[in-house]
Amino acid sequence: MIDQGIDTGKIVLQTKKIKISKLSIPYNFLVQTGKCSLSIIKKFVNNISHNKKFNVKVQNCEKFTYLPRFYTDIMGAIDWNWNGRFVDQFIKGCSKPYSGAFCYIIFKEKKYKVKIFNSKFFKTKLNHPVLNGKIFFQNNKIIKVYVNDGYIIIKLSDIRLEKKILLKKFFGKTFFNNSNELLRAKTLIPNVFKYT
């Protein structure tokens, strides 16, 4: 039920809990929640058309949090100094239908923005921090990138370069975000009217 707060009204109907893989990307979450929404709307309409009473519940507002909207094109900057699991989850969290997690790469002495949409983390012995973001392997399908505590594999099909730059050789290059970009991603309050 709508009241003066944000998501604080009484609960009229609630869907059953569903399990979604932690390795999933937002698109998969949206598909699952869309199915749940359709199911609960049908149940809501059915209850009204058959004059059934709703079992209304009061929410415990102390048990939930409300965060501002996350805009991947501003806040999706990858910090290659994070542990690999965090880098991997962050990339997945910024994936389709959103605009992807991002970093930069130097190509022909120019800096280009790179968007990454999926990855897979492999834990290994600790690497030296100077290697974080370094691309140490490439074949015609994947690249491998060093992170703090291992490496991540990224399919070439999950990488988009700005301006459609044709970059065939990633090997030996380094993904990076400078400290200003990371600070901007953490602190900037986006204009909600610009990004709706």
# chains A, B, ... in the order shown; residues from 1 in each chain; ligands from 1
$ residues_around --residues "range 29-33 of chain A" --least-positions-apart "3" --cutoff "12 Å" --atoms "only C-alpha atoms" --output "list in words"
Thr15, Lys16, Lys17, Ile18, Lys19, Ile20, Ser21, Lys22, Leu23, Ser24, Ile25, Pro26, Cys36, Ser37, Leu38, Ser39, Ile40, Lys92, Gly93, Ser95, Lys96, Pro97 and Tyr98 of chain A
$ write_last_selection --atoms "N, CA and C atoms" --output "mmCIF file, in the first residue's frame"
data_model
loop_
_atom_site.group_PDB
_atom_site.id
_atom_site.type_symbol
_atom_site.label_atom_id
_atom_site.label_comp_id
_atom_site.auth_asym_id
_atom_site.auth_seq_id
_atom_site.Cartn_x
_atom_site.Cartn_y
_atom_site.Cartn_z
ATOM 1 N N THR A 15 5.224 -12.425 -2.921
ATOM 2 C CA THR A 15 5.527 -13.600 -3.729
ATOM 3 C C THR A 15 6.405 -14.570 -2.936
ATOM 4 N N LYS A 16 6.471 -15.801 -3.408
ATOM 5 C CA LYS A 16 7.352 -16.768 -2.752
ATOM 6 C C LYS A 16 8.807 -16.429 -3.066
ATOM 7 N N LYS A 17 9.718 -16.910 -2.236
ATOM 8 C CA LYS A 17 11.139 -16.691 -2.464
ATOM 9 C C LYS A 17 11.611 -17.566 -3.618
ATOM 10 N N ILE A 18 12.502 -16.995 -4.428
ATOM 11 C CA ILE A 18 13.086 -17.770 -5.517
ATOM 12 C C ILE A 18 14.604 -17.721 -5.404
ATOM 13 N N LYS A 19 15.259 -18.771 -5.881
ATOM 14 C CA LYS A 19 16.716 -18.822 -5.849
ATOM 15 C C LYS A 19 17.267 -18.391 -7.200
ATOM 16 N N ILE A 20 18.226 -17.483 -7.162
ATOM 17 C CA ILE A 20 18.911 -17.047 -8.376
ATOM 18 C C ILE A 20 20.405 -17.177 -8.117
ATOM 19 N N SER A 21 21.135 -17.688 -9.083
ATOM 20 C CA SER A 21 22.573 -17.889 -8.925
ATOM 21 C C SER A 21 23.289 -16.580 -8.624
ATOM 22 N N LYS A 22 24.245 -16.629 -7.693
ATOM 23 C CA LYS A 22 25.050 -15.450 -7.371
ATOM 24 C C LYS A 22 25.922 -15.047 -8.554
ATOM 25 N N LEU A 23 26.133 -15.973 -9.488
ATOM 26 C CA LEU A 23 26.960 -15.697 -10.657
ATOM 27 C C LEU A 23 26.153 -15.061 -11.781
ATOM 28 N N SER A 24 24.883 -14.795 -11.530
ATOM 29 C CA SER A 24 23.989 -14.295 -12.560
ATOM 30 C C SER A 24 24.243 -12.821 -12.847
ATOM 31 N N ILE A 25 23.804 -12.371 -14.014
ATOM 32 C CA ILE A 25 23.884 -10.955 -14.370
ATOM 33 C C ILE A 25 22.504 -10.323 -14.173
ATOM 34 N N PRO A 26 22.418 -8.988 -14.101
ATOM 35 C CA PRO A 26 21.130 -8.337 -13.826
ATOM 36 C C PRO A 26 19.991 -8.744 -14.761
ATOM 37 N N CYS A 36 7.833 -13.212 -11.372
ATOM 38 C CA CYS A 36 7.188 -13.108 -10.050
ATOM 39 C C CYS A 36 6.156 -11.981 -10.043
ATOM 40 N N SER A 37 6.505 -10.848 -10.672
ATOM 41 C CA SER A 37 5.588 -9.707 -10.718
ATOM 42 C C SER A 37 4.306 -10.067 -11.453
ATOM 43 N N LEU A 38 4.447 -10.745 -12.588
ATOM 44 C CA LEU A 38 3.273 -11.152 -13.361
ATOM 45 C C LEU A 38 2.374 -12.073 -12.539
ATOM 46 N N SER A 39 3.008 -13.003 -11.833
ATOM 47 C CA SER A 39 2.263 -13.958 -11.008
ATOM 48 C C SER A 39 1.487 -13.246 -9.903
ATOM 49 N N ILE A 40 2.141 -12.298 -9.243
ATOM 50 C CA ILE A 40 1.490 -11.620 -8.108
ATOM 51 C C ILE A 40 0.411 -10.649 -8.584
ATOM 52 N N LYS A 92 29.792 -8.367 -13.135
ATOM 53 C CA LYS A 92 28.491 -9.009 -13.368
ATOM 54 C C LYS A 92 27.344 -8.065 -12.976
ATOM 55 N N GLY A 93 27.502 -7.343 -11.867
ATOM 56 C CA GLY A 93 26.460 -6.438 -11.388
ATOM 57 C C GLY A 93 26.194 -5.265 -12.315
ATOM 58 N N SER A 95 26.419 -5.548 -15.624
ATOM 59 C CA SER A 95 26.201 -6.132 -16.951
ATOM 60 C C SER A 95 24.804 -5.843 -17.496
ATOM 61 N N LYS A 96 24.501 -6.447 -18.625
ATOM 62 C CA LYS A 96 23.244 -6.229 -19.338
ATOM 63 C C LYS A 96 22.041 -6.468 -18.443
ATOM 64 N N PRO A 97 21.070 -5.599 -18.528
ATOM 65 C CA PRO A 97 20.816 -4.601 -19.565
ATOM 66 C C PRO A 97 21.501 -3.260 -19.328
ATOM 67 N N TYR A 98 22.369 -3.166 -18.326
ATOM 68 C CA TYR A 98 23.047 -1.910 -18.018
ATOM 69 C C TYR A 98 24.262 -1.725 -18.920
#
$ atom_distance --atom1 "CA of Phe70 in chain A" --atom2 "CA of Glu162 in chain A"
21.3 Å
$ closest_residue --among "A:Arg160, A:Lys52, A:Lys123, A:Lys169" --to "Val147 in chain A" --atoms "only C-alpha atoms"
A:Lys123
$ closest_residue --among "A:Val145, A:Ile2, A:Leu161, A:Ile91" --to "Ile78 in chain A" --atoms "only C-alpha atoms"
A:Ile91
$ closest_residue --among "A:Thr8, A:Thr72, A:Asn148, A:Thr187" --to "Ile116 in chain A" --atoms "only C-alpha atoms"
A:Thr72
$ select_by_dssp --residues "range 97-188 of chain A" --states "strand (DSSP E or B)" --output "PyMOL selection string"
chain A and resi 101-107+110-116+120-123+134-138+142-147+150-155+159-161+174+176
$ write_last_selection --atoms "N, CA and C atoms" --output "compact mmCIF listing (two decimals), in the first residue's frame"
# COMPACT_ATOMS: atom_id res chain seq x y z
N ALA A 101 30.52 -2.52 -16.63
CA ALA A 101 31.60 -1.97 -15.81
C ALA A 101 32.66 -1.44 -16.76
N PHE A 102 33.44 -0.44 -16.31
CA PHE A 102 34.38 0.13 -17.26
C PHE A 102 35.77 0.37 -16.66
N CYS A 103 36.72 0.46 -17.56
CA CYS A 103 38.09 0.83 -17.24
C CYS A 103 38.68 1.41 -18.52
N TYR A 104 39.99 1.59 -18.53
CA TYR A 104 40.65 2.17 -19.69
C TYR A 104 41.83 1.30 -20.12
N ILE A 105 42.24 1.51 -21.36
CA ILE A 105 43.40 0.82 -21.90
C ILE A 105 44.14 1.80 -22.81
N ILE A 106 45.45 1.69 -22.87
CA ILE A 106 46.24 2.54 -23.76
C ILE A 106 46.45 1.80 -25.07
N PHE A 107 46.13 2.47 -26.17
CA PHE A 107 46.31 1.91 -27.50
C PHE A 107 46.84 3.01 -28.41
N LYS A 110 47.06 6.46 -26.89
CA LYS A 110 45.82 7.14 -26.52
C LYS A 110 45.05 6.27 -25.53
N LYS A 111 44.28 6.93 -24.66
CA LYS A 111 43.49 6.23 -23.65
C LYS A 111 42.08 6.00 -24.19
N TYR A 112 41.63 4.72 -24.13
CA TYR A 112 40.30 4.38 -24.61
C TYR A 112 39.50 3.69 -23.51
N LYS A 113 38.22 4.01 -23.48
CA LYS A 113 37.32 3.39 -22.50
C LYS A 113 36.95 1.98 -22.95
N VAL A 114 36.97 1.05 -21.99
CA VAL A 114 36.62 -0.35 -22.24
C VAL A 114 35.45 -0.70 -21.33
N LYS A 115 34.40 -1.31 -21.89
CA LYS A 115 33.29 -1.79 -21.09
C LYS A 115 33.33 -3.32 -21.06
N ILE A 116 33.14 -3.87 -19.85
CA ILE A 116 33.20 -5.31 -19.66
C ILE A 116 31.87 -5.79 -19.09
N LYS A 120 34.95 -14.35 -15.13
CA LYS A 120 34.98 -15.50 -14.23
C LYS A 120 36.28 -15.44 -13.46
N PHE A 121 36.19 -15.54 -12.13
CA PHE A 121 37.36 -15.39 -11.25
C PHE A 121 37.96 -16.74 -10.89
N PHE A 122 39.28 -16.78 -10.87
CA PHE A 122 40.03 -17.96 -10.43
C PHE A 122 41.04 -17.53 -9.37
N LYS A 123 40.91 -18.12 -8.19
CA LYS A 123 41.81 -17.77 -7.08
C LYS A 123 43.13 -18.52 -7.24
N LYS A 134 46.84 -6.28 -15.42
CA LYS A 134 47.70 -6.68 -16.53
C LYS A 134 47.10 -7.88 -17.26
N ILE A 135 47.01 -7.79 -18.59
CA ILE A 135 46.49 -8.88 -19.41
C ILE A 135 47.66 -9.78 -19.76
N PHE A 136 47.65 -11.00 -19.23
CA PHE A 136 48.80 -11.88 -19.38
C PHE A 136 48.57 -13.07 -20.30
N PHE A 137 47.35 -13.19 -20.84
CA PHE A 137 47.05 -14.28 -21.76
C PHE A 137 45.96 -13.84 -22.71
N GLN A 138 46.08 -14.30 -23.97
CA GLN A 138 45.02 -14.06 -24.94
C GLN A 138 45.04 -15.15 -25.99
N ILE A 142 39.32 -15.58 -25.46
CA ILE A 142 39.38 -15.02 -24.10
C ILE A 142 40.67 -14.25 -23.85
N ILE A 143 40.62 -13.46 -22.75
CA ILE A 143 41.83 -12.90 -22.17
C ILE A 143 41.84 -13.25 -20.69
N LYS A 144 43.02 -13.24 -20.08
CA LYS A 144 43.16 -13.43 -18.64
C LYS A 144 43.83 -12.19 -18.08
N VAL A 145 43.27 -11.72 -16.95
CA VAL A 145 43.73 -10.47 -16.35
C VAL A 145 44.07 -10.72 -14.89
N TYR A 146 45.26 -10.26 -14.48
CA TYR A 146 45.66 -10.40 -13.07
C TYR A 146 44.82 -9.51 -12.17
N VAL A 147 44.44 -10.06 -11.00
CA VAL A 147 43.84 -9.29 -9.91
C VAL A 147 44.61 -9.64 -8.64
N GLY A 150 44.54 -13.58 -7.74
CA GLY A 150 44.34 -14.55 -8.80
C GLY A 150 44.21 -13.86 -10.15
N TYR A 151 43.27 -14.35 -10.95
CA TYR A 151 43.04 -13.74 -12.25
C TYR A 151 41.58 -13.93 -12.65
N ILE A 152 41.14 -13.11 -13.59
CA ILE A 152 39.80 -13.28 -14.14
C ILE A 152 39.91 -13.56 -15.63
N ILE A 153 38.97 -14.36 -16.10
CA ILE A 153 38.87 -14.66 -17.52
C ILE A 153 37.71 -13.84 -18.08
N ILE A 154 37.97 -13.18 -19.19
CA ILE A 154 36.94 -12.39 -19.87
C ILE A 154 36.87 -12.85 -21.32
N LYS A 155 35.67 -13.20 -21.78
CA LYS A 155 35.50 -13.53 -23.19
C LYS A 155 35.63 -12.25 -24.01
N ILE A 159 33.54 -7.81 -24.22
CA ILE A 159 34.30 -6.56 -24.14
C ILE A 159 33.83 -5.62 -25.25
N ARG A 160 33.59 -4.36 -24.91
CA ARG A 160 33.27 -3.33 -25.90
C ARG A 160 34.25 -2.18 -25.73
N LEU A 161 34.86 -1.76 -26.82
CA LEU A 161 35.75 -0.61 -26.81
C LEU A 161 35.03 0.60 -27.38
N THR A 174 47.44 -3.21 -20.10
CA THR A 174 46.93 -3.14 -18.74
C THR A 174 45.60 -2.39 -18.70
N PHE A 176 43.06 -0.20 -16.51
CA PHE A 176 43.27 0.67 -15.36
C PHE A 176 42.15 1.69 -15.23
$ closest_residue --among "A:Val12, A:Leu131, A:Ile6, A:Met1" --to "Trp80 in chain A" --atoms "only C-alpha atoms"
A:Leu131
